[in-house]
file model-v9.cif (mmCIF, C-alpha atoms and all ligand atoms)
data_data
#
loop_
_atom_site.label_atom_id
_atom_site.label_comp_id
_atom_site.auth_asym_id
_atom_site.auth_seq_id
_atom_site.Cartn_x
_atom_site.Cartn_y
_atom_site.Cartn_z
CA MET A 1 0.00 0.00 0.00
CA THR A 2 1.23 3.52 -0.79
CA PRO A 3 2.13 5.26 2.49
CA ASP A 4 0.81 8.67 3.35
CA PRO A 5 3.92 10.82 3.84
CA VAL A 6 1.94 13.10 6.17
CA ARG A 7 2.30 11.03 9.34
CA ALA A 8 0.56 12.01 12.54
CA GLY A 9 0.42 15.66 11.60
CA ARG A 10 4.10 15.81 10.66
CA ALA A 11 5.06 17.69 7.52
CA PRO A 12 5.72 15.75 4.27
CA ILE A 13 9.45 16.40 4.50
CA ALA A 14 12.39 13.97 4.40
CA VAL A 15 15.43 15.62 5.95
CA ALA A 16 18.62 14.58 4.15
CA LEU A 17 21.12 13.64 6.86
CA ASP A 18 24.19 14.35 4.75
CA THR A 19 27.20 14.07 7.04
CA PRO A 20 30.04 11.57 7.51
CA ASP A 21 29.33 11.44 11.26
CA LEU A 22 26.65 9.03 12.51
CA ASP A 23 26.35 10.71 15.92
CA GLU A 24 25.64 14.01 14.21
CA ALA A 25 23.09 12.40 11.87
CA SER A 26 21.28 10.74 14.79
CA ARG A 27 21.26 14.01 16.73
CA TRP A 28 19.72 15.82 13.75
CA ALA A 29 17.15 13.01 13.39
CA ARG A 30 16.04 13.45 17.01
CA LEU A 31 15.82 17.24 16.59
CA VAL A 32 13.64 17.12 13.45
CA GLU A 33 11.60 14.06 14.38
CA PRO A 34 8.62 15.92 15.94
CA HIS A 35 8.14 17.96 12.77
CA VAL A 36 8.84 15.79 9.70
CA SER A 37 7.73 12.41 8.43
CA ALA A 38 11.04 10.97 7.19
CA VAL A 39 14.80 11.13 7.33
CA LYS A 40 17.04 10.32 4.40
CA VAL A 41 20.18 8.21 4.63
CA GLY A 42 22.36 8.81 1.58
CA LEU A 43 25.62 7.58 0.18
CA GLU A 44 27.81 9.54 2.58
CA LEU A 45 26.43 7.82 5.69
CA PHE A 46 25.64 4.43 4.20
CA THR A 47 29.03 3.84 2.59
CA ARG A 48 30.67 4.52 5.94
CA TYR A 49 28.32 2.83 8.43
CA GLY A 50 26.11 0.48 6.38
CA PRO A 51 22.85 -0.82 7.90
CA ASP A 52 23.79 0.54 11.37
CA ALA A 53 23.18 4.03 9.97
CA VAL A 54 19.54 3.18 9.27
CA ALA A 55 18.87 1.70 12.71
CA SER A 56 20.60 4.57 14.43
CA VAL A 57 18.78 7.45 12.70
CA ARG A 58 15.44 5.69 12.95
CA GLY A 59 15.76 5.26 16.72
CA GLY A 60 12.38 4.45 18.24
CA SER A 61 10.75 7.29 16.40
CA GLY A 62 8.45 5.82 13.79
CA LEU A 63 10.09 8.07 11.20
CA ASP A 64 10.10 6.70 7.68
CA VAL A 65 13.62 5.98 6.47
CA PHE A 66 14.39 7.04 2.91
CA LEU A 67 17.41 5.02 1.80
CA ASP A 68 18.92 7.00 -1.06
CA LEU A 69 21.47 4.62 -2.57
CA LYS A 70 20.59 5.39 -6.22
CA LEU A 71 21.33 1.83 -7.29
CA HIS A 72 22.40 1.55 -10.94
CA ASP A 73 23.86 -1.75 -12.20
CA ILE A 74 22.82 -4.87 -14.07
CA PRO A 75 19.49 -6.33 -12.89
CA ASN A 76 20.98 -9.28 -10.99
CA THR A 77 23.32 -7.04 -9.00
CA VAL A 78 20.63 -4.48 -8.18
CA ALA A 79 18.25 -7.26 -7.12
CA GLY A 80 20.89 -8.57 -4.71
CA ALA A 81 21.52 -5.12 -3.24
CA ALA A 82 17.79 -4.40 -2.90
CA ARG A 83 17.24 -7.76 -1.17
CA ALA A 84 20.13 -7.05 1.21
CA VAL A 85 18.97 -3.58 2.26
CA ALA A 86 15.32 -4.64 2.55
CA ARG A 87 16.40 -6.29 5.81
CA VAL A 88 16.75 -2.86 7.44
CA ARG A 89 13.14 -2.00 6.42
CA PRO A 90 13.52 1.32 4.65
CA THR A 91 10.23 2.79 3.44
CA TYR A 92 11.88 4.08 0.25
CA LEU A 93 14.89 2.78 -1.71
CA THR A 94 16.17 4.73 -4.71
CA VAL A 95 17.39 3.31 -8.01
CA HIS A 96 18.34 5.27 -11.13
CA ALA A 97 15.54 5.07 -13.70
CA ALA A 98 18.27 5.20 -16.36
CA GLY A 99 19.22 1.66 -15.27
CA GLY A 100 16.29 0.56 -17.41
CA ARG A 101 13.11 -1.43 -17.20
CA ALA A 102 14.62 -4.82 -16.33
CA MET A 103 16.75 -3.34 -13.55
CA ILE A 104 13.81 -1.54 -11.96
CA ARG A 105 11.64 -4.66 -12.21
CA ALA A 106 14.41 -6.72 -10.59
CA ALA A 107 14.60 -4.30 -7.64
CA ALA A 108 10.81 -4.27 -7.20
CA ASP A 109 10.63 -8.07 -7.27
CA ALA A 110 13.54 -8.44 -4.84
CA ALA A 111 12.15 -5.99 -2.27
CA PRO A 112 8.34 -6.15 -2.51
CA ASP A 113 7.78 -4.43 0.84
CA VAL A 114 9.95 -1.43 -0.02
CA LEU A 115 8.80 1.45 -2.22
CA ILE A 116 11.22 1.28 -5.10
CA THR A 117 11.79 4.93 -5.93
CA ALA A 118 13.08 5.85 -9.38
CA VAL A 119 15.37 8.86 -9.70
CA THR A 120 14.72 10.40 -13.13
CA VAL A 121 17.26 13.18 -13.89
CA LEU A 122 19.39 14.44 -11.00
CA THR A 123 18.32 17.89 -9.83
CA SER A 124 21.92 19.09 -10.19
CA LEU A 125 21.65 18.77 -13.99
CA ASP A 126 20.14 21.30 -16.41
CA ASP A 127 19.41 21.17 -20.15
CA GLY A 128 23.04 22.08 -20.99
CA ALA A 129 24.42 19.33 -18.78
CA ILE A 130 22.27 16.58 -20.24
CA ALA A 131 23.01 17.75 -23.80
CA ASP A 132 26.68 17.47 -22.85
CA MET A 133 26.04 13.85 -21.82
CA GLY A 134 24.50 13.08 -25.22
CA PHE A 135 20.82 13.06 -24.23
CA GLY A 136 18.79 14.25 -27.21
CA ALA A 137 16.00 15.71 -25.09
CA THR A 138 15.23 18.54 -22.75
CA VAL A 139 15.29 17.76 -19.03
CA VAL A 140 11.51 17.86 -18.74
CA ASP A 141 11.05 15.40 -21.61
CA ALA A 142 13.69 13.04 -20.24
CA VAL A 143 12.13 13.20 -16.75
CA ARG A 144 8.67 12.51 -18.11
CA ARG A 145 9.82 9.55 -20.21
CA LEU A 146 11.90 8.01 -17.42
CA ALA A 147 9.06 8.41 -14.92
CA VAL A 148 6.60 6.57 -17.16
CA LEU A 149 9.09 3.79 -17.89
CA ALA A 150 9.93 3.39 -14.18
CA VAL A 151 6.33 3.18 -13.02
CA ASP A 152 5.55 0.73 -15.80
CA ALA A 153 8.45 -1.41 -14.55
CA GLY A 154 7.23 -1.48 -10.95
CA ALA A 155 8.53 1.68 -9.27
CA ARG A 156 5.96 3.04 -6.83
CA ALA A 157 7.65 6.39 -6.24
CA VAL A 158 9.47 8.80 -8.55
CA VAL A 159 12.05 11.51 -7.85
CA CYS A 160 12.05 14.66 -9.98
CA SER A 161 12.69 18.35 -9.36
CA PRO A 162 9.92 20.72 -8.24
CA GLN A 163 9.94 22.08 -11.79
CA GLU A 164 8.66 18.82 -13.31
CA VAL A 165 6.16 17.72 -10.66
CA ALA A 166 3.06 18.85 -12.54
CA ALA A 167 4.21 17.23 -15.81
CA VAL A 168 5.09 13.96 -14.09
CA ARG A 169 1.87 13.87 -12.08
CA ALA A 170 -0.10 14.28 -15.30
CA GLU A 171 1.71 11.24 -16.75
CA VAL A 172 1.72 8.81 -13.81
CA GLY A 173 -1.64 9.51 -12.15
CA PRO A 174 -2.54 9.98 -8.50
CA ASP A 175 -1.22 6.77 -6.91
CA VAL A 176 2.52 7.19 -7.48
CA VAL A 177 4.44 8.95 -4.69
CA LEU A 178 6.20 11.99 -6.16
CA ILE A 179 9.30 13.08 -4.29
CA THR A 180 11.25 16.26 -4.90
CA PRO A 181 14.74 17.24 -3.86
CA GLY A 182 15.95 20.61 -5.15
CA VAL A 183 13.64 22.30 -2.68
CA ARG A 184 14.75 25.76 -1.72
CA PRO A 185 12.66 28.09 0.44
CA ALA A 186 12.44 31.50 -1.28
CA GLY A 187 15.64 33.49 -0.94
CA THR A 188 17.93 30.58 0.05
CA ALA A 189 21.08 29.50 -1.78
CA LEU A 190 20.95 27.02 -4.70
CA GLN A 191 24.34 25.48 -3.83
CA ASP A 192 24.91 22.66 -6.37
CA GLN A 193 21.23 22.30 -7.31
CA ALA A 194 20.28 23.41 -10.85
CA ARG A 195 16.53 22.78 -10.95
CA VAL A 196 14.87 24.10 -7.83
CA GLY A 197 11.52 25.31 -6.58
CA THR A 198 9.92 26.40 -3.36
CA PRO A 199 8.25 23.88 -1.04
CA GLU A 200 4.87 25.54 -1.58
CA ARG A 201 5.12 25.25 -5.36
CA ALA A 202 6.20 21.60 -5.21
CA LEU A 203 3.22 20.67 -3.02
CA ALA A 204 0.74 22.72 -5.04
CA ASP A 205 1.92 20.95 -8.21
CA GLY A 206 1.31 17.52 -6.67
CA ALA A 207 4.44 16.43 -4.80
CA ASN A 208 3.91 14.07 -1.85
CA LEU A 209 7.27 14.33 -0.13
CA LEU A 210 9.92 17.07 -0.15
CA VAL A 211 13.59 16.16 0.37
CA ILE A 212 15.36 18.99 2.15
CA GLY A 213 18.94 18.85 3.34
CA ARG A 214 21.16 21.87 3.79
CA PRO A 215 18.42 24.44 4.46
CA VAL A 216 17.71 22.37 7.61
CA ILE A 217 20.94 20.64 8.63
CA ARG A 218 23.16 23.68 8.06
CA ALA A 219 20.82 25.97 10.02
CA ALA A 220 22.03 27.11 13.43
CA ASP A 221 19.18 25.10 14.95
CA PRO A 222 18.04 22.22 12.66
CA GLY A 223 15.06 21.46 14.91
CA ALA A 224 13.81 25.05 14.70
CA ALA A 225 14.41 25.15 10.93
CA ALA A 226 12.34 21.96 10.48
CA ALA A 227 9.59 23.32 12.73
CA SER A 228 9.47 26.56 10.77
CA LEU A 229 9.29 24.76 7.39
CA ALA A 230 6.57 22.46 8.74
CA ALA A 231 4.53 25.47 9.90
CA GLN A 232 5.03 27.14 6.52
CA LEU A 233 3.73 24.03 4.76
CA ARG A 234 0.75 23.70 7.11
CA ARG A 235 -0.22 27.26 6.17
CA ALA A 236 0.23 26.49 2.46
CA LEU A 237 -1.88 23.33 2.72
CA ALA A 238 -4.67 24.97 4.77
O1 LIG N 301 17.98 14.28 -8.09
C1 LIG N 301 18.33 14.23 -6.89
C2 LIG N 301 18.28 13.07 -6.14
C3 LIG N 301 18.66 13.11 -4.83
N1 LIG N 301 19.11 14.24 -4.25
C4 LIG N 301 19.49 14.20 -2.82
O2 LIG N 301 18.64 15.09 -2.08
C5 LIG N 301 19.37 15.79 -1.11
C6 LIG N 301 19.22 17.28 -1.34
O3 LIG N 301 19.95 17.98 -0.39
P1 LIG N 301 20.02 19.61 -0.34
O4 LIG N 301 21.04 19.87 0.69
O5 LIG N 301 18.63 20.06 0.04
O6 LIG N 301 20.41 20.07 -1.70
C7 LIG N 301 20.80 15.29 -1.16
O7 LIG N 301 20.96 14.30 -0.17
C8 LIG N 301 20.92 14.64 -2.54
O8 LIG N 301 21.78 13.52 -2.52
C9 LIG N 301 19.16 15.38 -4.98
O9 LIG N 301 19.55 16.46 -4.48
N2 LIG N 301 18.76 15.36 -6.29
#
call {"tool": "encode", "arguments": {"input": "model-v9.cif", "output": "structure tokens", "more": "lines below"}}
Ligand SMILES: O=c1ccn([C@@H]2O[C@H](COP(=O)(O)O)[C@@H](O)[C@H]2O)c(=O)[nH]1
result
Amino acid sequence: MTPDPVRAGRAPIAVALDTPDLDEASRWARLVEPHVSAVKVGLELFTRYGPDAVASVRGGSGLDVFLDLKLHDIPNTVAGAARAVARVRPTYLTVHAAGGRAMIRAAADAAPDVLITAVTVLTSLDDGAIADMGFGATVVDAVRRLAVLAVDAGARAVVCSPQEVAAVRAEVGPDVVLITPGVRPAGTALQDQARVGTPERALADGANLLVIGRPVIRAADPGAAAASLAAQLRRALA
């Protein structure tokens, strides 16, 4: 069943715990936990600590864990990795949609209780960057095509930037969980993100879960930053 990212009144935000230090990540998780529905464990933490990172940030909180490993390999290898990490019960596990239909299907079959989440085009890339890589399409067309392919192959969630949410929602219908990194509250720095949008716009266009890292974890008080974003979203959703 598709989960409702708005858990017990918490905002539909996954805080990206991007740090090489597990104690710091767990501390951030406890600070944001009253306000958000999920925390995201990415490559930086997982390559250093493995499954312990998931258990540690989850704590006893009931937070969803978004395991952002962006798997991309031949189907047999991705199936093995998905089966292995399913043991730590993440709610979401990312794979690159560009790995193709058979790879996505293999991940979905190997981890049926995990929402296989297809990353379309990284939010750090713009039209110029994907032309440079030899893609003969604009970002929005590539995102749309990869989203349709991924859902057809068994992905139950899709990652795109806030700028493509409306286009992807129109293609995949209401039941797919749409997740957007590249979220920047108005007036905050882009850093290495190329395709960004505000949290309000992403939700209004049909996103279900917003991935937000540095605007929260680099704030002087990550708990207060998460609380403030959650309040902002409650107002936008009212
Ligand atoms: O296309 C993608 C896919 C994943 N990410 C991840 O989201 C966060 C964003 O962090 P910010 O600090 O808010 O930029 C980060 O962990 C990325 O690995 C993404 O940005 N874009």
call {"tool": "closest_atom_pairs", "arguments": {"input": "model-v9.cif", "of": "chain A", "to": "ligand LIG 301 (chain N)", "cutoff": "8 Å", "atoms": "all atoms listed in the file", "output": "tab-separated table"}}
result
residue	atom	partner	partner_atom	distance
A:Ala16	CA	N:LIG301	O7	4.9
A:Leu17	CA	N:LIG301	O7	7.1
A:Asp18	CA	N:LIG301	O7	5.9
A:Lys40	CA	N:LIG301	O7	7.2
A:Val41	CA	N:LIG301	O7	7.8
A:Gly42	CA	N:LIG301	O7	5.9
A:Leu43	CA	N:LIG301	O8	7.6
A:Asp68	CA	N:LIG301	C3	7.2
A:Val119	CA	N:LIG301	O1	6.2
A:Thr120	CA	N:LIG301	O1	7.1
A:Val121	CA	N:LIG301	O1	5.9
A:Leu122	CA	N:LIG301	O1	3.2
A:Thr123	CA	N:LIG301	O1	4.0
A:Ser124	CA	N:LIG301	N2	6.3
A:Val159	CA	N:LIG301	O1	6.5
A:Cys160	CA	N:LIG301	O1	6.2
A:Ser161	CA	N:LIG301	O1	6.8
A:Thr180	CA	N:LIG301	C1	7.6
A:Pro181	CA	N:LIG301	O2	4.8
A:Gly182	CA	N:LIG301	O9	5.5
A:Val183	CA	N:LIG301	O5	6.1
A:Arg184	CA	N:LIG301	O5	7.1
A:Leu190	CA	N:LIG301	O6	7.6
A:Gln191	CA	N:LIG301	O6	7.0
A:Asp192	CA	N:LIG301	O6	7.0
A:Gln193	CA	N:LIG301	O6	6.1
A:Val211	CA	N:LIG301	O2	5.7
A:Ile212	CA	N:LIG301	O5	4.0
A:Gly213	CA	N:LIG301	O5	3.5
A:Arg214	CA	N:LIG301	O4	3.7
A:Pro215	CA	N:LIG301	O5	6.2
A:Val216	CA	N:LIG301	O5	8.0
A:Ile217	CA	N:LIG301	O4	8.0
call {"tool": "atom_distance", "arguments": {"input": "model-v9.cif", "atom1": "atom CA of A:Asp73", "atom2": "atom CA of A:Phe135"}}
result
19.3 Å
call {"tool": "closest_residue", "arguments": {"input": "model-v9.cif", "among": "A:Ile104, A:Ala98, A:Ala110, A:Leu178", "to": "A:Ala86", "atoms": "all atoms listed in the file"}}
result
A:Ala110
call {"tool": "residues_around", "arguments": {"input": "model-v9.cif", "residues": "A:Val54", "least_positions_apart": "3", "cutoff": "10 Å", "atoms": "only C-alpha atoms", "output": "list in words"}}
result
Leu22, Ser26, Val39, Lys40, Val41, Gly42, Leu45, Phe46, Tyr49, Gly50, Pro51, Val57, Arg58, Gly59, Val65, Phe66, Leu67, Val85, Val88, Arg89 and Pro90 of chain A
call {"tool": "write_last_selection", "arguments": {"input": "model-v9.cif", "atoms": "C-alpha atoms", "output": "CSV table (one decimal), in the frame of the given file"}}
result
chain,number,residue,atom,x,y,z
A,22,LEU,CA,26.6,9.0,12.5
A,26,SER,CA,21.3,10.7,14.8
A,39,VAL,CA,14.8,11.1,7.3
A,40,LYS,CA,17.0,10.3,4.4
A,41,VAL,CA,20.2,8.2,4.6
A,42,GLY,CA,22.4,8.8,1.6
A,45,LEU,CA,26.4,7.8,5.7
A,46,PHE,CA,25.6,4.4,4.2
A,49,TYR,CA,28.3,2.8,8.4
A,50,GLY,CA,26.1,0.5,6.4
A,51,PRO,CA,22.8,-0.8,7.9
A,57,VAL,CA,18.8,7.4,12.7
A,58,ARG,CA,15.4,5.7,13.0
A,59,GLY,CA,15.8,5.3,16.7
A,65,VAL,CA,13.6,6.0,6.5
A,66,PHE,CA,14.4,7.0,2.9
A,67,LEU,CA,17.4,5.0,1.8
A,85,VAL,CA,19.0,-3.6,2.3
A,88,VAL,CA,16.8,-2.9,7.4
A,89,ARG,CA,13.1,-2.0,6.4
A,90,PRO,CA,13.5,1.3,4.6
call {"tool": "residues_around", "arguments": {"input": "model-v9.cif", "residues": "A:Ala108", "least_positions_apart": "3", "cutoff": "10 Å", "atoms": "all atoms listed in the file", "output": "CSV table (one decimal) with C-alpha atoms, keeping the file's coordinate frame"}}
result
chain,number,residue,atom,x,y,z
A,78,VAL,CA,20.6,-4.5,-8.2
A,79,ALA,CA,18.2,-7.3,-7.1
A,82,ALA,CA,17.8,-4.4,-2.9
A,83,ARG,CA,17.2,-7.8,-1.2
A,93,LEU,CA,14.9,2.8,-1.7
A,102,ALA,CA,14.6,-4.8,-16.3
A,103,MET,CA,16.8,-3.3,-13.6
A,104,ILE,CA,13.8,-1.5,-12.0
A,105,ARG,CA,11.6,-4.7,-12.2
A,111,ALA,CA,12.2,-6.0,-2.3
A,112,PRO,CA,8.3,-6.2,-2.5
A,113,ASP,CA,7.8,-4.4,0.8
A,114,VAL,CA,10.0,-1.4,0.0
A,115,LEU,CA,8.8,1.4,-2.2
A,116,ILE,CA,11.2,1.3,-5.1
A,117,THR,CA,11.8,4.9,-5.9
A,153,ALA,CA,8.4,-1.4,-14.6
A,154,GLY,CA,7.2,-1.5,-11.0
A,155,ALA,CA,8.5,1.7,-9.3
A,156,ARG,CA,6.0,3.0,-6.8
call {"tool": "atom_distance", "arguments": {"input": "model-v9.cif", "atom1": "atom CA of A:Asp52", "atom2": "atom CA of A:Asp221"}}
result
25.2 Å
call {"tool": "closest_residue", "arguments": {"input": "model-v9.cif", "among": "A:Ala230, A:Leu203, A:Leu237, A:Val148", "to": "A:Pro34", "atoms": "only C-alpha atoms"}}
result
A:Ala230
call {"tool": "atom_distance", "arguments": {"input": "model-v9.cif", "atom1": "atom CA of A:Ser61", "atom2": "atom CA of A:Ala29"}}
result
9.1 Å
call {"tool": "closest_residue", "arguments": {"input": "model-v9.cif", "among": "A:Ile13, A:Ala106, A:Ala84, A:Ala53", "to": "A:His72", "atoms": "all atoms listed in the file"}}
result
A:Ala106
